[in-house]
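Colleague: Just so it is clear, I am handing over work-v2.cif, which has mmCIF, C-alpha atoms.
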data_my_file
#
loop_
_atom_site.group_PDB
_atom_site.id
_atom_site.type_symbol
_atom_site.label_atom_id
_atom_site.label_comp_id
_atom_site.auth_asym_id
_atom_site.auth_seq_id
_atom_site.Cartn_x
_atom_site.Cartn_y
_atom_site.Cartn_z
ATOM 1 C CA MET A 1 -8.144 7.445 0.919
ATOM 2 C CA SER A 2 -6.152 10.300 -0.487
ATOM 3 C CA LEU A 3 -7.581 13.513 -1.814
ATOM 4 C CA ILE A 4 -7.128 14.380 -5.456
ATOM 5 C CA THR A 5 -4.868 17.419 -5.550
ATOM 6 C CA MET A 6 -4.022 19.735 -8.419
ATOM 7 C CA SER A 7 -0.515 18.287 -8.681
ATOM 8 C CA LYS A 8 -1.844 14.697 -8.834
ATOM 9 C CA LEU A 9 -4.406 15.759 -11.425
ATOM 10 C CA ASN A 10 -1.789 17.513 -13.580
ATOM 11 C CA VAL A 11 0.460 14.430 -13.582
ATOM 12 C CA ALA A 12 -2.427 12.154 -14.576
ATOM 13 C CA VAL A 13 -3.620 14.565 -17.293
ATOM 14 C CA GLU A 14 -0.138 14.653 -18.858
ATOM 15 C CA GLN A 15 0.005 10.834 -18.822
ATOM 16 C CA VAL A 16 -3.363 10.553 -20.559
ATOM 17 C CA TYR A 17 -2.412 13.248 -23.103
ATOM 18 C CA SER A 18 0.699 11.222 -23.921
ATOM 19 C CA GLU A 19 -1.323 8.011 -24.300
ATOM 20 C CA LEU A 20 -3.845 9.721 -26.591
ATOM 21 C CA ALA A 21 -1.028 11.138 -28.727
ATOM 22 C CA THR A 22 0.615 7.715 -29.004
ATOM 23 C CA LEU A 23 -2.715 6.227 -30.111
ATOM 24 C CA GLY A 24 -3.259 8.932 -32.716
ATOM 25 C CA LEU A 25 -6.240 10.442 -30.910
ATOM 26 C CA TRP A 26 -4.639 13.758 -29.989
ATOM 27 C CA ASP A 27 -5.743 16.851 -31.881
ATOM 28 C CA GLN A 28 -6.866 20.425 -31.274
ATOM 29 C CA ALA A 29 -10.418 19.421 -30.302
ATOM 30 C CA ILE A 30 -9.090 17.193 -27.512
ATOM 31 C CA TYR A 31 -6.497 19.787 -26.502
ATOM 32 C CA ASP A 32 -9.300 22.341 -26.120
ATOM 33 C CA ILE A 33 -11.066 20.238 -23.459
ATOM 34 C CA ASP A 34 -10.425 21.780 -20.067
ATOM 35 C CA VAL A 35 -9.864 19.601 -17.005
ATOM 36 C CA TYR A 36 -10.928 21.067 -13.667
ATOM 37 C CA LEU A 37 -10.482 19.984 -10.085
ATOM 38 C CA THR A 38 -13.737 20.523 -8.180
ATOM 39 C CA ALA A 39 -14.323 20.300 -4.439
ATOM 40 C CA TYR A 40 -16.677 17.309 -4.294
ATOM 41 C CA GLY A 41 -19.017 15.131 -6.336
ATOM 42 C CA ALA A 42 -20.822 11.823 -6.435
ATOM 43 C CA ALA A 43 -18.841 10.206 -9.270
ATOM 44 C CA TYR A 44 -15.117 9.803 -9.921
ATOM 45 C CA GLY A 45 -15.347 12.371 -12.709
ATOM 46 C CA TYR A 46 -17.663 14.023 -15.214
ATOM 47 C CA GLN A 47 -17.585 14.968 -18.884
ATOM 48 C CA PHE A 48 -20.471 17.087 -20.118
ATOM 49 C CA TYR A 49 -21.561 16.141 -23.640
ATOM 50 C CA GLY A 50 -22.031 18.907 -26.146
ATOM 51 C CA SER A 51 -21.764 21.690 -23.621
ATOM 52 C CA THR A 52 -18.667 23.308 -22.191
ATOM 53 C CA ARG A 53 -16.231 20.636 -23.367
ATOM 54 C CA GLU A 54 -14.817 20.158 -19.943
ATOM 55 C CA ILE A 55 -13.940 17.353 -17.596
ATOM 56 C CA GLN A 56 -14.414 17.763 -13.872
ATOM 57 C CA ILE A 57 -12.611 15.621 -11.313
ATOM 58 C CA PRO A 58 -13.773 16.022 -7.698
ATOM 59 C CA SER A 59 -11.155 16.212 -4.975
ATOM 60 C CA ILE A 60 -13.523 14.206 -2.768
ATOM 61 C CA SER A 61 -16.141 11.900 -4.275
ATOM 62 C CA LEU A 62 -18.738 9.497 -2.954
ATOM 63 C CA SER A 63 -17.393 6.889 -5.377
ATOM 64 C CA ARG A 64 -13.902 7.053 -3.837
ATOM 65 C CA LEU A 65 -15.416 6.922 -0.348
ATOM 66 C CA GLY A 66 -17.217 3.763 -1.477
ATOM 67 C CA ASP A 67 -13.885 2.371 -2.677
ATOM 68 C CA LEU A 68 -12.488 2.933 0.797
ATOM 69 C CA TRP A 69 -15.409 1.086 2.362
ATOM 70 C CA HIS A 70 -15.062 -1.860 -0.057
ATOM 71 C CA ARG A 71 -11.242 -1.822 0.086
ATOM 72 C CA ARG A 72 -10.684 -1.276 -3.605
ATOM 73 C CA THR A 73 -8.835 1.410 -5.491
ATOM 74 C CA THR A 74 -9.508 3.356 -8.657
ATOM 75 C CA CYS A 75 -6.591 4.954 -10.461
ATOM 76 C CA LEU A 76 -6.931 8.654 -11.300
ATOM 77 C CA LYS A 77 -5.320 8.067 -14.700
ATOM 78 C CA ASP A 78 -7.974 5.421 -15.478
ATOM 79 C CA VAL A 79 -10.746 7.842 -14.499
ATOM 80 C CA LEU A 80 -9.283 10.534 -16.766
ATOM 81 C CA ARG A 81 -8.846 8.078 -19.636
ATOM 82 C CA HIS A 82 -12.517 7.117 -19.211
ATOM 83 C CA GLU A 83 -13.651 10.755 -19.217
ATOM 84 C CA PHE A 84 -11.485 11.537 -22.250
ATOM 85 C CA GLY A 85 -13.155 8.553 -23.933
ATOM 86 C CA HIS A 86 -16.449 10.386 -23.511
ATOM 87 C CA ALA A 87 -14.807 13.583 -24.780
ATOM 88 C CA VAL A 88 -13.460 11.829 -27.890
ATOM 89 C CA ALA A 89 -16.924 10.356 -28.502
ATOM 90 C CA ASP A 90 -18.427 13.819 -28.101
ATOM 91 C CA THR A 91 -15.965 15.614 -30.386
ATOM 92 C CA HIS A 92 -15.311 12.848 -32.947
ATOM 93 C CA ARG A 93 -18.585 10.984 -33.472
ATOM 94 C CA GLY A 94 -17.102 8.977 -36.342
ATOM 95 C CA LEU A 95 -14.614 7.269 -34.034
ATOM 96 C CA ILE A 96 -17.155 5.820 -31.600
ATOM 97 C CA ARG A 97 -17.395 2.399 -33.260
ATOM 98 C CA SER A 98 -13.915 2.316 -34.751
ATOM 99 C CA ARG A 99 -11.174 -0.175 -33.986
ATOM 100 C CA LYS A 100 -8.945 2.727 -32.941
ATOM 101 C CA PHE A 101 -11.477 3.812 -30.285
ATOM 102 C CA ARG A 102 -11.875 0.243 -28.960
ATOM 103 C CA GLU A 103 -8.107 -0.193 -28.752
ATOM 104 C CA ALA A 104 -7.654 3.118 -26.953
ATOM 105 C CA PHE A 105 -10.481 2.754 -24.433
ATOM 106 C CA GLY A 106 -11.012 -1.012 -24.213
ATOM 107 C CA ALA A 107 -14.563 -1.088 -25.598
ATOM 108 C CA PRO A 108 -16.827 0.617 -28.109
ATOM 109 C CA HIS A 109 -18.673 3.656 -26.810
ATOM 110 C CA THR A 110 -22.178 2.685 -25.740
#
Would it be possible to restate this file's structure as structure tokens?

Modeller:
Amino acid sequence: MSLITMSKLNVAVEQVYSELATLGLWDQAIYDIDVYLTAYGAAYGYQFYGSTREIQIPSISLSRLGDLWHRRTTCLKDVLRHEFGHAVADTHRGLIRSRKFREAFGAPHT
């Protein structure tokens, strides 16, 4: 298992920003969401609805330790895309059930 580092996080964030722009989901509200690397956590990442408009990605997480135990992997870019899906749902309520949202994130927000 590798630790999530700031350089890995920055690369993944730029990839997700590019994907969101290509899908027409990039705007100032999404740009204003801060992404932080935290020391540890239980989940792969967190997005806090209606509060600080931030995403936190732990360098070490219980979820990634579980992946190691079960011999599976979870891509950092996929985790960020998932958390940005929550952020889009939080900042653009009208998009939650739209075709554009489903195409971008693979499912409606539930």

Colleague: For Met6 (chain A), which residue out of A:Pro58, A:Pro108, A:Gly94, A:Gly24 is the nearest one, using all atoms listed in the file?

Modeller: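 For Met6 (chain A), the nearest of the given residues is A:Pro58.
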
Colleague: How would you write, as JSON, numbers by chain, the residues chosen by the PyMOL selection byres ((chain A and resi 43) around 7) on this structure?

Modeller: {"A": [41, 42, 44, 45, 61, 62, 63]}

Colleague: Can you write just those residues out, C-alpha atoms, as a CSV table (one decimal), keeping the file's coordinate frame?

Modeller:
chain,number,residue,atom,x,y,z
A,41,GLY,CA,-19.0,15.1,-6.3
A,42,ALA,CA,-20.8,11.8,-6.4
A,44,TYR,CA,-15.1,9.8,-9.9
A,45,GLY,CA,-15.3,12.4,-12.7
A,61,SER,CA,-16.1,11.9,-4.3
A,62,LEU,CA,-18.7,9.5,-3.0
A,63,SER,CA,-17.4,6.9,-5.4

Colleague: Quick check, in Å to one decimal: how far apart do CA of Arg81 (chain A) and CA of Ala12 (chain A) lie?

Modeller: 9.1 Å

Colleague: Expanded to explicit residues, what is the PyMOL selection byres ((chain A and resi 86) around 12) for this file, as a VMD selection string?

Modeller: chain A and resid 30 33 45 to 50 53 to 55 79 to 85 87 to 93 95 to 96 101 104 to 105 107 to 110

Colleague: CA of Ser2 (chain A) and CA of Glu19 (chain A), how far apart in Å?

Modeller: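 A separation of 24.4 Å between them.
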
Colleague: With a distance cut-off of 10 Å and only C-alpha atoms, select the neighbouring residues of Ile4 (chain A), excluding the residue or stretch itself and same-chain residues fewer than 4 positions from it, and output the selection as a JSON list (two decimals) with C-alpha atoms, in the frame of the given file.

Modeller:
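Just written: part_10.json:
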[["chain", "number", "residue", "atom", "x", "y", "z"],
["A", 8, "LYS", "CA", -1.84, 14.70, -8.83],
["A", 9, "LEU", "CA", -4.41, 15.76, -11.42],
["A", 37, "LEU", "CA", -10.48, 19.98, -10.09],
["A", 38, "THR", "CA", -13.74, 20.52, -8.18],
["A", 39, "ALA", "CA", -14.32, 20.30, -4.44],
["A", 57, "ILE", "CA", -12.61, 15.62, -11.31],
["A", 58, "PRO", "CA", -13.77, 16.02, -7.70],
["A", 59, "SER", "CA", -11.16, 16.21, -4.97],
["A", 60, "ILE", "CA", -13.52, 14.21, -2.77],
["A", 61, "SER", "CA", -16.14, 11.90, -4.28],
["A", 76, "LEU", "CA", -6.93, 8.65, -11.30]]

Colleague: What does the distance from CA of Thr5 (chain A) to CA of Thr22 (chain A) come to in Å, to one decimal?

Modeller: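 Interatomic distance, CA of Thr5 (chain A) to CA of Thr22 (chain A): 26.0 Å.
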
Colleague: Measuring between all atoms listed in the file, which one of A:Asn10, A:Leu3, A:Lys77, A:Ser98 shows the shortest distance to Asp34 (chain A)?

Modeller: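 Residue with the minimum atom-to-atom distance to Asp34 (chain A): A:Asn10.
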
Colleague: So, with all atoms listed in the file as the atoms that count, which of A:Tyr31, A:Asp78, A:Leu68, A:Leu25 lies closest to Glu103 (chain A)?

Modeller: A:Leu25

Colleague: Using only C-alpha atoms for the distances, tell me which of A:Leu20, A:Gln56, A:Arg102, A:Asp67 is nearest to Val35 (chain A).

Modeller: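 Selected residue with least distance to Val35 (chain A): A:Gln56.
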
Colleague: So for region 31-41 of chain A, what box centre and size do we get, axis-aligned, 3 Å extra on each of the six sides, every listed atom, Å to one decimal, as JSON?

Modeller:
{"center_x": -12.8, "center_y": 18.7, "center_z": -15.4, "size_x": 18.5, "size_y": 13.2, "size_z": 28.2}
